[in-house]
file work_11.txt (compact mmCIF, C-alpha atoms)
# COMPACT_ATOMS: atom_id res chain seq x y z
CA MET A 1 -8.63 -15.29 11.80
CA PRO A 2 -9.36 -18.47 9.81
CA HIS A 3 -8.05 -18.93 6.30
CA PHE A 4 -10.43 -19.75 3.48
CA LYS A 5 -10.23 -20.09 -0.27
CA VAL A 6 -11.61 -18.20 -3.23
CA GLN A 7 -11.45 -19.27 -6.84
CA PRO A 8 -8.49 -17.46 -8.43
CA ASP A 9 -8.92 -15.77 -11.81
CA PRO A 10 -6.47 -17.49 -14.21
CA ALA A 11 -6.39 -14.38 -16.41
CA VAL A 12 -4.70 -12.33 -13.73
CA LEU A 13 -2.80 -14.91 -11.67
CA PRO A 14 0.41 -16.06 -13.39
CA ARG A 15 1.90 -19.37 -12.33
CA HIS A 16 5.45 -20.06 -11.22
CA LYS A 17 7.85 -21.55 -13.67
CA SER A 18 8.66 -25.16 -13.02
CA SER A 19 11.69 -25.71 -10.84
CA SER A 20 13.47 -27.33 -13.78
CA THR A 21 13.67 -24.01 -15.65
CA LYS A 22 15.79 -22.34 -12.98
CA ARG A 23 18.30 -24.15 -10.82
CA ARG A 24 19.34 -22.36 -7.66
CA LYS A 25 20.29 -23.27 -4.12
CA ARG A 26 17.76 -20.87 -2.63
CA PRO A 27 14.45 -19.43 -3.85
CA ALA A 28 14.89 -15.91 -5.21
CA LEU A 29 12.60 -12.91 -5.18
CA GLY A 30 13.07 -9.74 -7.19
CA ILE A 31 11.58 -6.41 -6.14
CA ILE A 32 11.09 -3.46 -8.47
CA GLY A 33 11.77 -0.38 -6.34
CA GLY A 34 13.95 0.11 -3.30
CA GLY A 35 11.92 2.19 -0.84
CA GLN A 36 10.71 1.35 2.64
CA LEU A 37 8.10 -1.15 1.48
CA ALA A 38 10.77 -3.03 -0.47
CA ARG A 39 13.01 -2.87 2.60
CA MET A 40 10.42 -4.58 4.80
CA MET A 41 9.58 -7.08 2.06
CA ALA A 42 13.28 -7.89 1.74
CA GLN A 43 13.65 -8.35 5.48
CA SER A 44 10.83 -10.89 5.47
CA GLY A 45 12.11 -12.62 2.35
CA VAL A 46 15.62 -13.04 3.69
CA SER A 47 14.29 -14.34 7.01
CA LEU A 48 12.41 -17.02 5.04
CA GLY A 49 15.59 -18.10 3.25
CA CYS A 50 15.13 -16.21 -0.01
CA ASP A 51 17.74 -14.41 -2.01
CA VAL A 52 16.23 -10.96 -2.51
CA ILE A 53 17.39 -8.77 -5.41
CA VAL A 54 16.21 -5.17 -5.58
CA LEU A 55 16.13 -2.98 -8.68
CA ASP A 56 16.57 0.71 -7.87
CA PRO A 57 18.89 3.36 -9.34
CA ASP A 58 19.83 4.72 -5.90
CA PRO A 59 22.63 2.73 -4.24
CA ASN A 60 21.51 4.18 -0.90
CA ALA A 61 17.85 3.21 -1.30
CA PRO A 62 16.30 1.90 1.95
CA ALA A 63 16.01 -1.67 0.65
CA ALA A 64 19.68 -1.91 -0.34
CA ALA A 65 20.77 -2.65 3.23
CA ALA A 66 18.23 -5.45 3.61
CA ALA A 67 18.50 -7.15 0.21
CA THR A 68 20.91 -9.87 -0.82
CA ARG A 69 21.90 -7.83 -3.87
CA SER A 70 20.89 -4.63 -5.65
CA ILE A 71 20.80 -3.68 -9.31
CA HIS A 72 21.36 0.06 -9.65
CA LYS A 73 19.48 0.80 -12.84
CA ALA A 74 16.27 2.62 -13.79
CA ILE A 75 13.13 0.78 -12.73
CA ARG A 76 11.37 1.50 -16.04
CA ASP A 77 14.27 0.26 -18.18
CA LEU A 78 13.05 -2.94 -19.83
CA ASP A 79 16.57 -4.37 -20.15
CA ALA A 80 17.17 -3.76 -16.43
CA LEU A 81 13.83 -5.34 -15.59
CA ASP A 82 14.68 -8.34 -17.74
CA GLU A 83 18.05 -8.65 -15.98
CA LEU A 84 16.24 -8.70 -12.63
CA ALA A 85 13.62 -11.18 -13.79
CA ARG A 86 16.21 -13.60 -15.21
CA SER A 87 17.87 -13.75 -11.78
CA VAL A 88 14.80 -14.67 -9.72
CA ASP A 89 11.77 -16.93 -9.52
CA VAL A 90 9.22 -14.18 -9.00
CA VAL A 91 9.27 -10.43 -9.63
CA ALA A 92 7.34 -8.36 -7.06
CA LEU A 93 6.36 -4.69 -7.11
CA GLU A 94 6.97 -2.12 -4.41
CA ASN A 95 4.42 0.26 -5.92
CA GLU A 96 1.89 0.56 -8.73
CA PHE A 97 3.85 3.01 -10.88
CA ILE A 98 5.44 0.61 -13.42
CA ASP A 99 3.23 0.62 -16.49
CA ALA A 100 1.29 -2.62 -17.03
CA THR A 101 2.50 -2.73 -20.64
CA ILE A 102 6.10 -3.09 -19.45
CA LEU A 103 5.11 -5.80 -16.98
CA SER A 104 3.24 -7.58 -19.76
CA GLU A 105 6.43 -7.63 -21.84
CA LEU A 106 8.24 -9.35 -18.97
CA GLU A 107 5.47 -11.95 -18.87
CA VAL A 108 5.72 -12.47 -22.64
CA ARG A 109 9.42 -13.17 -22.12
CA GLY A 110 8.46 -15.96 -19.72
CA HIS A 111 8.98 -14.24 -16.39
CA CYS A 112 6.60 -14.46 -13.42
CA VAL A 113 5.42 -11.03 -12.23
CA LEU A 114 3.08 -10.76 -9.23
CA PRO A 115 0.71 -9.03 -9.16
CA GLY A 116 0.42 -9.66 -12.90
CA SER A 117 0.10 -7.10 -15.65
CA GLU A 118 -3.64 -7.57 -16.05
CA THR A 119 -4.21 -6.90 -12.36
CA MET A 120 -2.03 -3.81 -12.52
CA ARG A 121 -3.89 -2.61 -15.61
CA ARG A 122 -7.10 -2.76 -13.58
CA VAL A 123 -5.63 -0.97 -10.57
CA GLN A 124 -2.92 1.55 -11.50
CA ASP A 125 -5.28 3.78 -13.48
CA LYS A 126 -7.65 4.96 -10.74
CA LEU A 127 -10.52 5.50 -13.20
CA PHE A 128 -10.16 1.92 -14.46
CA GLN A 129 -10.00 0.79 -10.83
CA LYS A 130 -13.25 2.62 -10.02
CA ASN A 131 -14.94 1.10 -13.06
CA THR A 132 -13.81 -2.39 -12.00
CA ILE A 133 -15.12 -1.90 -8.47
CA GLU A 134 -18.42 -0.52 -9.77
CA ARG A 135 -18.89 -3.49 -12.12
CA ALA A 136 -18.39 -5.78 -9.12
CA GLY A 137 -21.43 -4.14 -7.53
CA LEU A 138 -19.50 -2.60 -4.63
CA PRO A 139 -20.39 0.73 -3.01
CA LEU A 140 -18.18 3.74 -3.76
CA PRO A 141 -18.64 7.50 -4.12
CA PRO A 142 -19.92 8.72 -7.52
CA PHE A 143 -17.13 9.43 -10.02
CA ALA A 144 -16.66 10.55 -13.61
CA SER A 145 -13.96 10.97 -16.21
CA VAL A 146 -13.16 14.59 -17.08
CA SER A 147 -11.21 16.03 -19.99
CA SER A 148 -11.76 19.77 -19.48
CA ARG A 149 -12.46 22.39 -16.86
CA ALA A 150 -16.05 22.49 -18.10
CA ASP A 151 -16.38 18.76 -17.35
CA VAL A 152 -15.19 19.38 -13.80
CA ILE A 153 -17.69 22.19 -13.27
CA ALA A 154 -20.50 20.04 -14.66
CA ALA A 155 -19.54 17.21 -12.29
CA GLY A 156 -19.56 19.65 -9.37
CA TRP A 157 -23.11 20.69 -10.09
CA ARG A 158 -24.16 17.08 -10.73
CA PHE A 159 -22.55 15.55 -7.61
CA GLY A 160 -22.78 18.62 -5.40
CA TRP A 161 -19.87 20.66 -4.07
CA PRO A 162 -17.27 19.91 -2.78
CA ILE A 163 -15.76 17.43 -5.22
CA VAL A 164 -12.28 15.90 -5.43
CA LEU A 165 -10.23 16.18 -8.63
CA LYS A 166 -7.62 13.44 -8.95
CA GLN A 167 -4.88 12.33 -11.31
CA ARG A 168 -5.70 8.92 -12.71
CA ARG A 169 -2.16 7.65 -12.24
CA ASP A 170 0.85 7.96 -9.92
CA GLY A 171 -0.81 9.85 -7.07
CA TYR A 172 0.10 9.08 -3.45
CA ASP A 173 0.05 10.75 -0.02
CA GLY A 174 -2.25 13.47 -1.32
CA ARG A 175 -0.06 14.24 -4.32
CA GLY A 176 -2.31 14.36 -7.36
CA ASN A 177 -5.49 15.29 -5.44
CA ALA A 178 -7.31 18.60 -5.11
CA THR A 179 -10.51 19.29 -3.18
CA ILE A 180 -12.70 21.82 -5.02
CA ARG A 181 -15.41 23.65 -3.07
CA SER A 182 -16.91 25.75 -5.85
CA ALA A 183 -16.71 26.41 -9.58
CA ALA A 184 -14.42 29.36 -8.82
CA GLU A 185 -11.69 26.95 -7.63
CA VAL A 186 -11.67 24.74 -10.71
CA ASP A 187 -9.06 26.67 -12.70
CA ALA A 188 -6.52 26.62 -9.88
CA ALA A 189 -7.04 22.91 -9.22
CA TRP A 190 -6.81 22.08 -12.93
CA ALA A 191 -3.55 24.01 -13.20
CA ARG A 192 -2.06 22.48 -10.03
CA LEU A 193 -2.73 18.93 -11.30
CA ASP A 194 -1.63 19.90 -14.82
CA GLY A 195 -4.82 18.69 -16.45
CA ALA A 196 -3.45 19.59 -19.89
CA ARG A 197 -0.88 16.77 -19.57
CA HIS A 198 -2.25 14.35 -16.97
CA PRO A 199 -5.52 12.44 -17.40
CA LEU A 200 -7.85 13.32 -14.51
CA TYR A 201 -11.12 12.16 -13.02
CA VAL A 202 -13.46 13.56 -10.40
CA GLU A 203 -15.18 12.04 -7.36
CA ALA A 204 -18.00 13.25 -5.19
CA PHE A 205 -16.67 14.20 -1.75
CA CYS A 206 -17.61 11.46 0.71
CA PRO A 207 -18.77 12.84 4.09
CA PHE A 208 -17.25 9.93 6.00
CA VAL A 209 -17.13 9.62 9.77
CA ARG A 210 -14.11 7.30 9.82
CA GLU A 211 -11.45 6.03 7.43
CA LEU A 212 -10.87 2.30 7.61
CA ALA A 213 -8.56 -0.19 5.92
CA VAL A 214 -8.11 -3.93 5.56
CA ALA A 215 -5.03 -5.88 4.43
CA ILE A 216 -5.79 -9.12 2.60
CA THR A 217 -3.37 -11.74 1.29
CA ILE A 218 -4.41 -14.07 -1.53
CA ALA A 219 -2.26 -17.07 -2.44
CA HIS A 220 -1.89 -19.00 -5.71
CA ASP A 221 -4.37 -21.67 -4.64
CA GLY A 222 -7.00 -19.10 -3.66
CA SER A 223 -6.26 -19.24 0.07
CA VAL A 224 -7.08 -15.97 1.82
CA ALA A 225 -5.58 -14.47 4.97
CA ARG A 226 -7.50 -11.40 6.14
CA TYR A 227 -6.12 -9.02 8.75
CA PRO A 228 -8.23 -7.12 11.30
CA LEU A 229 -10.09 -4.01 10.18
CA VAL A 230 -8.15 -0.91 11.24
CA GLU A 231 -8.92 2.78 11.56
CA THR A 232 -6.55 5.26 9.93
CA VAL A 233 -6.13 8.93 10.73
CA GLN A 234 -5.01 11.18 7.89
CA GLN A 235 -3.56 14.68 8.07
CA ASP A 236 -2.89 16.58 4.84
CA HIS A 237 -3.73 13.35 2.96
CA ILE A 238 -0.88 11.48 4.71
CA CYS A 239 -1.53 8.64 7.12
CA HIS A 240 -0.43 9.69 10.61
CA SER A 241 -1.69 6.81 12.73
CA VAL A 242 -3.39 3.42 12.57
CA VAL A 243 -5.32 1.67 15.33
CA ALA A 244 -6.15 -2.05 15.31
CA PRO A 245 -8.74 -3.31 15.59
CA ALA A 246 -11.04 -0.48 14.53
CA GLU A 247 -13.56 0.32 17.23
CA VAL A 248 -16.69 -0.18 15.17
CA PRO A 249 -19.77 -2.40 15.65
CA GLU A 250 -19.26 -6.05 14.79
CA ASP A 251 -21.65 -5.93 11.85
CA VAL A 252 -19.75 -2.96 10.36
CA ALA A 253 -16.43 -4.79 10.70
CA ARG A 254 -17.91 -7.86 9.03
CA ARG A 255 -19.38 -5.88 6.13
CA ALA A 256 -16.16 -3.91 5.68
CA GLY A 257 -14.14 -7.12 5.50
CA ASP A 258 -16.54 -8.66 3.00
CA VAL A 259 -16.50 -5.54 0.79
CA ALA A 260 -12.70 -5.46 0.89
CA LEU A 261 -12.41 -9.13 -0.07
CA ARG A 262 -14.79 -8.69 -3.00
CA ALA A 263 -12.81 -5.66 -4.14
CA VAL A 264 -9.47 -7.49 -4.27
CA GLN A 265 -11.15 -10.46 -5.95
CA ALA A 266 -12.49 -8.11 -8.61
CA VAL A 267 -9.01 -6.97 -9.61
CA GLY A 268 -7.43 -10.43 -9.37
CA ALA A 269 -5.18 -9.85 -6.39
CA ALA A 270 -2.07 -11.96 -5.80
CA GLY A 271 -0.14 -11.38 -2.59
CA THR A 272 -1.02 -8.76 0.01
CA PHE A 273 -3.31 -5.93 -1.06
CA ALA A 274 -4.86 -3.18 1.05
CA VAL A 275 -8.34 -1.74 0.65
CA GLU A 276 -9.05 1.74 1.99
CA LEU A 277 -12.67 2.31 3.00
CA PHE A 278 -14.97 5.09 4.12
CA LEU A 279 -17.42 4.55 6.98
CA CYS A 280 -20.38 6.86 6.46
CA GLU A 281 -23.06 8.16 8.80
CA GLY A 282 -25.57 5.37 9.29
CA GLY A 283 -22.97 2.60 8.96
CA GLU A 284 -22.60 2.39 5.17
CA VAL A 285 -19.15 1.26 4.01
CA MET A 286 -17.72 2.54 0.71
CA VAL A 287 -14.54 1.64 -1.14
CA ASN A 288 -12.03 4.46 -1.40
CA GLU A 289 -9.01 2.87 -3.11
CA ILE A 290 -7.19 -0.42 -3.57
CA ALA A 291 -3.42 -0.54 -3.08
CA PRO A 292 -1.98 -3.51 -5.02
CA ARG A 293 0.81 -4.11 -2.51
CA VAL A 294 1.72 -4.13 1.15
CA HIS A 295 0.53 -0.89 2.68
CA ASN A 296 1.23 1.67 5.38
CA SER A 297 -2.00 0.75 7.16
CA GLY A 298 -0.62 -2.77 7.73
CA HIS A 299 2.77 -1.92 9.22
CA TYR A 300 1.46 -2.65 12.72
CA THR A 301 1.27 -6.34 11.75
CA ILE A 302 5.07 -6.69 12.01
CA ASP A 303 4.88 -6.53 15.80
CA ALA A 304 1.22 -7.17 16.52
CA CYS A 305 0.27 -10.21 14.40
CA GLU A 306 1.53 -13.77 14.31
CA CYS A 307 2.46 -13.36 10.63
CA SER A 308 2.99 -9.86 9.24
CA GLN A 309 1.55 -8.52 6.00
CA PHE A 310 5.09 -8.64 4.59
CA GLU A 311 5.73 -12.27 5.49
CA ASN A 312 2.36 -13.35 4.14
CA HIS A 313 3.07 -11.39 0.98
CA ILE A 314 6.32 -13.32 0.47
CA ARG A 315 4.60 -16.61 1.30
CA ALA A 316 1.87 -15.94 -1.27
CA LEU A 317 4.27 -14.88 -4.03
CA MET A 318 6.53 -17.89 -3.49
CA GLY A 319 3.63 -20.34 -3.39
CA TRP A 320 3.98 -21.19 0.30
CA PRO A 321 1.18 -21.66 2.87
CA LEU A 322 -0.13 -18.47 4.43
CA GLY A 323 0.44 -17.66 8.10
CA SER A 324 -2.00 -16.69 10.82
CA THR A 325 -3.22 -13.09 10.94
CA ALA A 326 -4.26 -13.36 14.60
CA MET A 327 -3.17 -10.49 16.83
CA ARG A 328 -0.70 -11.18 19.63
CA ALA A 329 -2.32 -8.59 21.89
CA PRO A 330 -5.85 -7.21 22.27
CA ALA A 331 -4.93 -3.99 20.45
CA ALA A 332 -2.14 -2.27 18.56
CA ALA A 333 -1.33 1.13 17.09
CA MET A 334 1.15 2.57 14.64
CA VAL A 335 2.35 6.16 14.31
CA ASN A 336 4.25 7.29 11.23
CA LEU A 337 7.51 9.21 11.66
CA LEU A 338 7.31 12.06 9.17
CA GLY A 339 9.93 14.58 8.19
CA ARG A 340 9.31 18.16 9.25
CA GLY A 341 11.68 19.86 6.81
CA GLU A 342 14.76 19.44 4.67
CA GLY A 343 17.82 17.94 6.32
CA SER A 344 19.75 14.87 7.30
CA GLY A 345 17.92 11.59 7.70
CA ALA A 346 19.88 10.78 10.88
CA PRO A 347 17.39 10.22 13.72
CA LEU A 348 17.49 12.04 17.03
CA GLY A 349 15.80 10.81 20.22
CA VAL A 350 16.22 7.07 19.65
CA ALA A 351 17.14 6.33 23.29
CA ALA A 352 14.08 8.13 24.64
CA CYS A 353 11.84 6.37 22.14
CA LEU A 354 13.19 2.95 23.08
CA ALA A 355 12.61 3.71 26.77
CA VAL A 356 8.86 3.36 26.18
CA PRO A 357 8.51 -0.35 27.00
CA GLU A 358 5.49 -1.15 24.82
CA ALA A 359 6.87 0.54 21.70
CA ARG A 360 8.88 -0.80 18.78
CA LEU A 361 10.87 1.50 16.49
CA HIS A 362 11.26 0.91 12.75
CA LEU A 363 13.53 3.29 10.82
CA TYR A 364 13.80 3.19 7.04
CA GLY A 365 17.41 4.29 6.64
CA LYS A 366 16.72 7.25 4.35
CA SER A 367 19.70 9.56 4.03
CA ARG A 368 17.66 12.77 3.70
CA THR A 369 14.44 14.00 5.24
CA ALA A 370 11.82 16.36 3.82
CA ARG A 371 8.51 17.71 4.99
CA GLY A 372 5.94 14.90 5.04
CA ARG A 373 8.43 12.22 4.00
CA LYS A 374 7.91 8.86 5.69
CA MET A 375 11.11 8.16 7.61
CA GLY A 376 9.95 5.31 9.83
CA HIS A 377 7.18 4.24 12.16
CA VAL A 378 6.55 3.24 15.76
CA THR A 379 4.20 0.47 16.83
CA ALA A 380 2.88 -0.43 20.26
CA THR A 381 0.53 -3.03 21.68
CA GLY A 382 -1.85 -2.67 24.60
CA ALA A 383 -4.96 -3.85 26.36
CA THR A 384 -7.07 -1.31 24.45
CA PRO A 385 -6.63 0.68 21.22
CA GLU A 386 -6.40 3.88 23.28
CA GLU A 387 -3.61 2.46 25.45
CA ALA A 388 -1.65 1.28 22.41
CA LEU A 389 -2.04 4.62 20.63
CA ARG A 390 -0.84 6.55 23.71
CA ALA A 391 2.31 4.44 23.91
CA ALA A 392 3.05 4.67 20.19
CA SER A 393 2.42 8.41 20.14
CA LEU A 394 4.64 9.01 23.15
CA ALA A 395 7.51 7.00 21.68
CA ALA A 396 7.13 8.69 18.28
CA SER A 397 7.20 12.14 19.85
CA PHE A 398 10.86 11.67 20.82
CA ILE A 399 12.08 11.01 17.27
CA GLN A 400 13.19 13.86 15.05
CA PHE A 401 15.18 14.03 11.85
CA GLY A 402 17.59 16.64 10.59
CA ASP A 403 20.36 18.63 12.17
CA PRO A 404 19.73 19.98 15.69
CA SER A 405 18.65 23.64 15.64

call {"tool": "encode", "arguments": {"input": "work_11.txt", "output": "structure tokens"}}
result
Amino acid sequence: MPHFKVQPDPAVLPRHKSSSTKRRKRPALGIIGGGQLARMMAQSGVSLGCDVIVLDPDPNAPAAAAATRSIHKAIRDLDALDELARSVDVVALENEFIDATILSELEVRGHCVLPGSETMRRVQDKLFQKNTIERAGLPLPPFASVSSRADVIAAGWRFGWPIVLKQRRDGYDGRGNATIRSAAEVDAAWARLDGARHPLYVEAFCPFVRELAVAITIAHDGSVARYPLVETVQQDHICHSVVAPAEVPEDVARRAGDVALRAVQAVGAAGTFAVELFLCEGGEVMVNEIAPRVHNSGHYTIDACECSQFENHIRALMGWPLGSTAMRAPAAAMVNLLGRGEGSGAPLGVAACLAVPEARLHLYGKSRTARGRKMGHVTATGATPEEALRAASLAASFIQFGDPS
């Protein structure tokens, strides 16, 4: 896919410090958080010659084995964050859970944080994110702020049941969401999401026919690298598989890509962002959510694209030219490896998985497994999306975690 440029928003795109302010043999990247996304970011950063320093309190965090060095301190501790930032050229984020106010303080101290605090302020509160997308004139399901059970019931009658009640911050993999089918279910949903303590909002339920996603990388100079539109399959609000490219009409793919690009422009993206979309009956495309980081829906790019979402993310953050997003095969698929219960994170079935010739195994090195926990993923390429998905699913079926029963 060709690269092109958009005009970056200077309010949300911090610039690198001049090379004279920090003298170092190698460029250095800091990552707040040490999970699997940080692990794959670190792998790409090291392969490009960066020193990668990860901040995470867990010495056994997945990224620790891939990073040059780890700082084992709390990720919301400003002194620890400042220690990280003073050691690197750019501070990156594994997730959107560090408050924008803390990131702003790092910027005030002269550190480069990407994405910047203003971008994160627009994205990490889902209600603010929805407002930003709406102001950009992009299609999305109706939504409203709620501060009481009565507000939720009123929204249900206004939008029509069912509706989805969501926490405005820190929700992921279905945590922080509750589908409500009638007024009688409001009390239970409010209690489960702890509406007395957590700010909530409500969305109309979108009767989609497919869930789609696009990964987009935006560099300092406005260059854009856009990956193929993919289809995601969710079970219990957790992504189970991804197929690339999505088998949709060409005009739908084009509109979805354009909507996604406008969405990340609206929040001032820097680096790789992912946009989750709904495809509705009749071909309408709506924005679901923006993830201000590399994303599960783009893991297939490690094996299937000329330059992965992780490598392009590092390139963008370090101010380097972006790589090609072209696929190396006609189609690809990814299947997540999810924990089925509590136990050891040691994998079983690796040999059988690796015997599937088209498949590639990626394990995250987590010491413990739990139900629904992402422990790794399998990718496969093929002549068609169906062929790739069959191979990835077969290989993934051999992997289990925990002690043998």

call {"tool": "atom_distance", "arguments": {"input": "work_11.txt", "atom1": "atom CA of Ile290 of chain A", "atom2": "atom CA of Gln124 of chain A"}}
result
9.2 Å

call {"tool": "closest_atom_pairs", "arguments": {"input": "work_11.txt", "of": "segment 96-189 of chain A", "to": "segment 309-322 of chain A", "cutoff": "10 Å", "atoms": "all atoms listed in the file", "output": "tab-separated table"}}
result
residue	atom	partner	partner_atom	distance
A:Cys112	CA	A:Leu317	CA	9.7
A:Val113	CA	A:Leu317	CA	9.1
A:Leu114	CA	A:Leu317	CA	6.7
A:Pro115	CA	A:Leu317	CA	8.6

call {"tool": "write_last_selection", "arguments": {"input": "work_11.txt", "atoms": "C-alpha atoms", "output": "PDB file, in the coordinates of the input"}}
result
ATOM      1  CA  CYS A 112       6.600 -14.460 -13.420  1.00  0.00           C
ATOM      2  CA  VAL A 113       5.420 -11.030 -12.230  1.00  0.00           C
ATOM      3  CA  LEU A 114       3.080 -10.760  -9.230  1.00  0.00           C
ATOM      4  CA  PRO A 115       0.710  -9.030  -9.160  1.00  0.00           C
TER       5      PRO A 115
END

call {"tool": "atom_distance", "arguments": {"input": "work_11.txt", "atom1": "atom CA of Ser393 of chain A", "atom2": "atom CA of Pro228 of chain A"}}
result
20.8 Å

call {"tool": "residues_around", "arguments": {"input": "work_11.txt", "residues": "segment 371-383 of chain A", "least_positions_apart": "3", "cutoff": "8 Å", "atoms": "only C-alpha atoms", "output": "PDB file with C-alpha atoms, in the frame of the given file"}}
result
ATOM      1  CA  ILE A 238      -0.880  11.480   4.710  1.00  0.00           C
ATOM      2  CA  TYR A 300       1.460  -2.650  12.720  1.00  0.00           C
ATOM      3  CA  ASP A 303       4.880  -6.530  15.800  1.00  0.00           C
ATOM      4  CA  ALA A 304       1.220  -7.170  16.520  1.00  0.00           C
ATOM      5  CA  ALA A 329      -2.320  -8.590  21.890  1.00  0.00           C
ATOM      6  CA  PRO A 330      -5.850  -7.210  22.270  1.00  0.00           C
ATOM      7  CA  ALA A 331      -4.930  -3.990  20.450  1.00  0.00           C
ATOM      8  CA  ALA A 332      -2.140  -2.270  18.560  1.00  0.00           C
ATOM      9  CA  ALA A 333      -1.330   1.130  17.090  1.00  0.00           C
ATOM     10  CA  MET A 334       1.150   2.570  14.640  1.00  0.00           C
ATOM     11  CA  VAL A 335       2.350   6.160  14.310  1.00  0.00           C
ATOM     12  CA  ASN A 336       4.250   7.290  11.230  1.00  0.00           C
ATOM     13  CA  LEU A 337       7.510   9.210  11.660  1.00  0.00           C
ATOM     14  CA  LEU A 338       7.310  12.060   9.170  1.00  0.00           C
ATOM     15  CA  GLY A 339       9.930  14.580   8.190  1.00  0.00           C
ATOM     16  CA  ARG A 340       9.310  18.160   9.250  1.00  0.00           C
ATOM     17  CA  GLY A 341      11.680  19.860   6.810  1.00  0.00           C
ATOM     18  CA  GLU A 342      14.760  19.440   4.670  1.00  0.00           C
ATOM     19  CA  GLY A 345      17.920  11.590   7.700  1.00  0.00           C
ATOM     20  CA  GLU A 358       5.490  -1.150  24.820  1.00  0.00           C
ATOM     21  CA  ALA A 359       6.870   0.540  21.700  1.00  0.00           C
ATOM     22  CA  ARG A 360       8.880  -0.800  18.780  1.00  0.00           C
ATOM     23  CA  LEU A 361      10.870   1.500  16.490  1.00  0.00           C
ATOM     24  CA  HIS A 362      11.260   0.910  12.750  1.00  0.00           C
ATOM     25  CA  LEU A 363      13.530   3.290  10.820  1.00  0.00           C
ATOM     26  CA  TYR A 364      13.800   3.190   7.040  1.00  0.00           C
ATOM     27  CA  GLY A 365      17.410   4.290   6.640  1.00  0.00           C
ATOM     28  CA  LYS A 366      16.720   7.250   4.350  1.00  0.00           C
ATOM     29  CA  GLU A 387      -3.610   2.460  25.450  1.00  0.00           C
ATOM     30  CA  ALA A 388      -1.650   1.280  22.410  1.00  0.00           C
ATOM     31  CA  LEU A 389      -2.040   4.620  20.630  1.00  0.00           C
ATOM     32  CA  ALA A 391       2.310   4.440  23.910  1.00  0.00           C
ATOM     33  CA  ALA A 392       3.050   4.670  20.190  1.00  0.00           C
ATOM     34  CA  SER A 393       2.420   8.410  20.140  1.00  0.00           C
ATOM     35  CA  ALA A 395       7.510   7.000  21.680  1.00  0.00           C
ATOM     36  CA  ALA A 396       7.130   8.690  18.280  1.00  0.00           C
TER      37      ALA A 396
END

call {"tool": "residues_near_point", "arguments": {"input": "work_11.txt", "point": "(13.6, 0.7, -2.7)", "cutoff": "10 Å", "atoms": "all atoms listed in the file", "output": "PDB file with C-alpha atoms, keeping the file's coordinate frame"}}
result
ATOM      1  CA  ILE A  31      11.580  -6.410  -6.140  1.00  0.00           C
ATOM      2  CA  ILE A  32      11.090  -3.460  -8.470  1.00  0.00           C
ATOM      3  CA  GLY A  33      11.770  -0.380  -6.340  1.00  0.00           C
ATOM      4  CA  GLY A  34      13.950   0.110  -3.300  1.00  0.00           C
ATOM      5  CA  GLY A  35      11.920   2.190  -0.840  1.00  0.00           C
ATOM      6  CA  GLN A  36      10.710   1.350   2.640  1.00  0.00           C
ATOM      7  CA  LEU A  37       8.100  -1.150   1.480  1.00  0.00           C
ATOM      8  CA  ALA A  38      10.770  -3.030  -0.470  1.00  0.00           C
ATOM      9  CA  ARG A  39      13.010  -2.870   2.600  1.00  0.00           C
ATOM     10  CA  MET A  40      10.420  -4.580   4.800  1.00  0.00           C
ATOM     11  CA  MET A  41       9.580  -7.080   2.060  1.00  0.00           C
ATOM     12  CA  ALA A  42      13.280  -7.890   1.740  1.00  0.00           C
ATOM     13  CA  VAL A  54      16.210  -5.170  -5.580  1.00  0.00           C
ATOM     14  CA  LEU A  55      16.130  -2.980  -8.680  1.00  0.00           C
ATOM     15  CA  ASP A  56      16.570   0.710  -7.870  1.00  0.00           C
ATOM     16  CA  PRO A  57      18.890   3.360  -9.340  1.00  0.00           C
ATOM     17  CA  ASP A  58      19.830   4.720  -5.900  1.00  0.00           C
ATOM     18  CA  PRO A  59      22.630   2.730  -4.240  1.00  0.00           C
ATOM     19  CA  ASN A  60      21.510   4.180  -0.900  1.00  0.00           C
ATOM     20  CA  ALA A  61      17.850   3.210  -1.300  1.00  0.00           C
ATOM     21  CA  PRO A  62      16.300   1.900   1.950  1.00  0.00           C
ATOM     22  CA  ALA A  63      16.010  -1.670   0.650  1.00  0.00           C
ATOM     23  CA  ALA A  64      19.680  -1.910  -0.340  1.00  0.00           C
ATOM     24  CA  ALA A  65      20.770  -2.650   3.230  1.00  0.00           C
ATOM     25  CA  ALA A  66      18.230  -5.450   3.610  1.00  0.00           C
ATOM     26  CA  ALA A  67      18.500  -7.150   0.210  1.00  0.00           C
ATOM     27  CA  SER A  70      20.890  -4.630  -5.650  1.00  0.00           C
ATOM     28  CA  GLU A  94       6.970  -2.120  -4.410  1.00  0.00           C
ATOM     29  CA  ASN A  95       4.420   0.260  -5.920  1.00  0.00           C
TER      30      ASN A  95
END

call {"tool": "residues_around", "arguments": {"input": "work_11.txt", "residues": "segment 211-225 of chain A", "least_positions_apart": "5", "cutoff": "7 Å", "atoms": "only C-alpha atoms", "output": "PyMOL selection string"}}
result
chain A and resi 3-8+230-233+257+260+269-279+297-298+312-313+316+319+322+325

call {"tool": "atom_distance", "arguments": {"input": "work_11.txt", "atom1": "atom CA of Glu83 of chain A", "atom2": "atom CA of Gly30 of chain A"}}
result
10.2 Å

call {"tool": "closest_residue", "arguments": {"input": "work_11.txt", "among": "A:Leu29, A:Leu348, A:Cys307, A:Leu165", "to": "Arg226 of chain A", "atoms": "only C-alpha atoms"}}
result
A:Cys307

call {"tool": "closest_residue", "arguments": {"input": "work_11.txt", "among": "A:Gly176, A:Phe128, A:Thr301, A:Glu203", "to": "Val164 of chain A", "atoms": "all atoms listed in the file"}}
result
A:Glu203
